[in-house]
Amino acid sequence: MLFMDLCKVLARIEKTSKRLEMMSLFQEIFQSDPNELVEDDEPIHDKLIYLCQGKLHPDWHGMPELNMAKKMVLKATARAVGVSPSRITEILKKSGDLGNTMGYLKKKKQQSTLFGKEEPMTITTTWNELERIANATGENSQSKKMRILSGILARCSPLEAKYIGRFIESKMRLGMADLTMIDAISRIFASDDEQQKECKAILERGYNIYPDLGTIVKKAFIEGMKSIKQISPVFGIPIRPMLAQRLEASAGFIDKHGGSFAAEYKLDGERLQIHKDGKDIILFSRRLENITNQFPDAIRLIQDCIKPVQAILDAEIVAINPETGKIDTFQVLMQRKRKHDIAAFMQEVPIRIYIFDAMMLDGRSLLEEPYLKRREIVENSIDDEKCDGNIVAVEQSIINNHDELIAFFERAIMEGTEGLVTKSIAPDSTYQPGARGWLWIKLKSLADGKLPDTLDLAIIGVNWGEGRRAGRFGSFFLGAMNHETGNLEMITKVSSGITDELADILYNDLNTVEDIPPNVISVEQPDKWVIPTMIVEIAGDQVTSSDGSTTGFSIRFPRILRLRKDKKIEDISTVDDIKQMA
């Protein structure tokens, strides 16, 4: 398949805001002549997915991405189109889009060229050239990357150059999240609505256990849907974490769980997925990023204290105040994110690991086991004598009535936690990767009638500030995820809780655009739209009715608490979450 043919479809997807039309166009990519989906005797379904995602590999894979300095990108573009880097910078400032800038420059170059025809690029040659950029290392690596990119652009048409630029920035701007792609692919395998739902569920489950959409789609087309059903946890492949729902009133927990349930402390740390295979340890974050190098002390603890030879465990890692021995804040733990001086931070910010679930034990999947069985495995996996309290099972209690819930919640708060996560103990209380269901429910406040929990929302638009905030953004439009449509729907505007430091980060890092992104729905018009990639956690007084919100609901007295760099867009609060609080 020619790269140009893919780009033509991407351009059509970009022009529509209708989800069904997007999916229909996306399906066309995989419904081409079967011979076009094989290059050099190798199926290219995975490469097509990666190019649409704007990445060479899944984030957790550990393989290098392009890693090109912006200055080098501009120099490579200048070399390919015969325009000075300073002129390209001027054009880029106006467009705000590297892809559009490259396409525009290539079109001008093409118009001034009277002869010569660019050699067409296939999907494989395009992907291979981009991978050459990623793999260029060592002395003068940026110069090597620049030469390769310049060569790619020299061969590109204007439309191809546009999407090469988008790929470099990892911002394809299609308005299609991974789950929308899954929905589209499932329709290819189905003959009716019922079969489509079944195929979608199979693909989602496979993706949640093995979150490499390129591999999942390729496997489905080459080996069939049956092969996706057989996917199970594998050491070194992160599993998308199971998530908890919210419930407004504490009195409703017994009814929601259908009787007695378990409750565990909800900790203010970083979600940690532990993969152990003998002495080999890999740690993944909530976003499925490999964070093994940030916690060398955790590696030693796991090697010494976790008894099974092979296991995948769900945990929370927290900072411990060395003077008091109590749990410290999430912000203190995040000092470990720095790439340097980790050894020094290990002394200043000691850690403790709280394990609360198990997904695999000695090669056997535990996903279908009920909660109490998995909890037993967690407790039996920890060598208490060797751990000295540095790895523990998270505090848990079986709750039989509302009074017990309140007492355990108050105890959890007294011990410095965020509250509780309640969990079903029914026979069907399986571990559901990537799902946010009623098997797990969060309790972070007893203020019934008020906002019972914080919300994680995406920034979708900004208004300019005044007075002290002149020249910076003064307020932010926030959106929640509608899982039925895949769109981000405007919920509220927020201007409180913005520190000077946060204001600078948001001004420098938000990607503002003139036109509303295709996956954003909003009744109001901000000064600038934002490509939704940044997430903020907000608190508020309560959910109220609002004509200015797309959903009909808004948040009273919202205030920003912090950025949530540990979350992806698909993990943010949903429209249904907010309706539950209304």
# chains A, B, ... in the order shown; residues from 1 in each chain; ligands from 1
>>> residues_around(residues="Ile239 of chain A", least_positions_apart="6", cutoff="12 Å", atoms="only C-alpha atoms", output="MDAnalysis selection string")
chainID A and resid 60 205:212 231:233 272:275 283:289 312:314 358:360 365 367 431:435
>>> atom_distance(atom1="atom CA of Lys528 of chain A", atom2="atom CA of Asn511 of chain A")
9.6 Å
>>> residues_around(residues="Lys307 of chain A", least_positions_apart="5", cutoff="7 Å", atoms="only C-alpha atoms", output="list in words")
Ser381, Ile382 and Asp383 of chain A
>>> residues_around(residues="Ile306 of chain A", least_positions_apart="3", cutoff="10 Å", atoms="only C-alpha atoms", output="list in words")
Lys276, Gly278, Leu301, Ile302, Gln303, Val309, Gln310, Ala311, Leu313, Val378, Asn380, Ser381, Ile382, Asp383, Asp384, Lys386, Cys387 and Ile391 of chain A
>>> atom_distance(atom1="atom CA of Asp576 of chain A", atom2="atom CA of Pro558 of chain A")
18.2 Å
>>> select_by_dssp(residues="segment 125-238 of chain A", states="helix (DSSP H, G or I)", output="PyMOL selection string")
chain A and resi 125-135+141-155+158-169+178-188+193-209+213-223+225-229
>>> residues_around(residues="Leu478 of chain A", least_positions_apart="4", cutoff="7 Å", atoms="only C-alpha atoms", output="PyMOL selection string")
chain A and resi 457-460+490-493
>>> decode(residues="segment 456-508 of chain A", atoms="C-alpha atoms", output="short mmCIF file (atom, residue, chain, number, x, y, z; two decimals), in the first residue's frame")
data_model
loop_
_atom_site.label_atom_id
_atom_site.label_comp_id
_atom_site.auth_asym_id
_atom_site.auth_seq_id
_atom_site.Cartn_x
_atom_site.Cartn_y
_atom_site.Cartn_z
CA ASP A 456 -9.96 14.07 36.20
CA LEU A 457 -10.86 16.18 33.15
CA ALA A 458 -9.14 17.08 29.88
CA ILE A 459 -8.34 20.68 28.95
CA ILE A 460 -10.16 21.36 25.67
CA GLY A 461 -10.04 25.17 25.45
CA VAL A 462 -8.61 28.31 27.04
CA ASN A 463 -9.49 31.96 27.55
CA TRP A 464 -6.83 34.63 27.91
CA GLY A 465 -6.25 36.06 31.37
CA GLU A 466 -6.50 39.61 32.62
CA GLY A 467 -4.63 41.67 35.22
CA ARG A 468 -2.05 39.48 36.93
CA ARG A 469 -2.65 36.73 34.37
CA ALA A 470 -2.39 38.98 31.33
CA GLY A 471 -0.37 37.24 28.65
CA ARG A 472 -1.22 33.86 30.18
CA PHE A 473 -4.34 31.70 30.15
CA GLY A 474 -6.89 32.81 32.70
CA SER A 475 -9.53 30.08 32.51
CA PHE A 476 -9.78 26.61 31.08
CA PHE A 477 -12.58 24.66 29.40
CA LEU A 478 -12.66 21.10 30.73
CA GLY A 479 -14.19 18.04 29.11
CA ALA A 480 -15.25 14.58 30.25
CA MET A 481 -15.22 11.40 28.16
CA ASN A 482 -18.41 10.12 26.60
CA HIS A 483 -17.59 6.43 26.22
CA GLU A 484 -20.49 5.82 23.86
CA THR A 485 -19.23 8.30 21.27
CA GLY A 486 -15.54 8.62 22.19
CA ASN A 487 -15.96 12.41 22.30
CA LEU A 488 -14.82 14.83 25.01
CA GLU A 489 -17.82 16.88 26.12
CA MET A 490 -17.40 20.26 27.77
CA ILE A 491 -18.39 20.13 31.45
CA THR A 492 -17.12 23.27 33.15
CA LYS A 493 -14.73 26.21 33.10
CA VAL A 494 -12.17 26.62 35.85
CA SER A 495 -9.98 29.53 36.90
CA SER A 496 -9.25 28.72 40.56
CA GLY A 497 -6.34 26.74 41.98
CA ILE A 498 -3.86 27.85 39.28
CA THR A 499 -0.47 28.57 40.81
CA ASP A 500 2.11 30.65 38.94
CA GLU A 501 4.12 27.49 38.32
CA LEU A 502 1.09 25.66 36.90
CA ALA A 503 0.14 28.69 34.78
CA ASP A 504 3.60 28.64 33.19
CA ILE A 505 3.43 24.89 32.52
CA LEU A 506 0.01 25.15 30.91
CA TYR A 507 0.99 28.17 28.80
CA ASN A 508 4.12 26.43 27.50
#
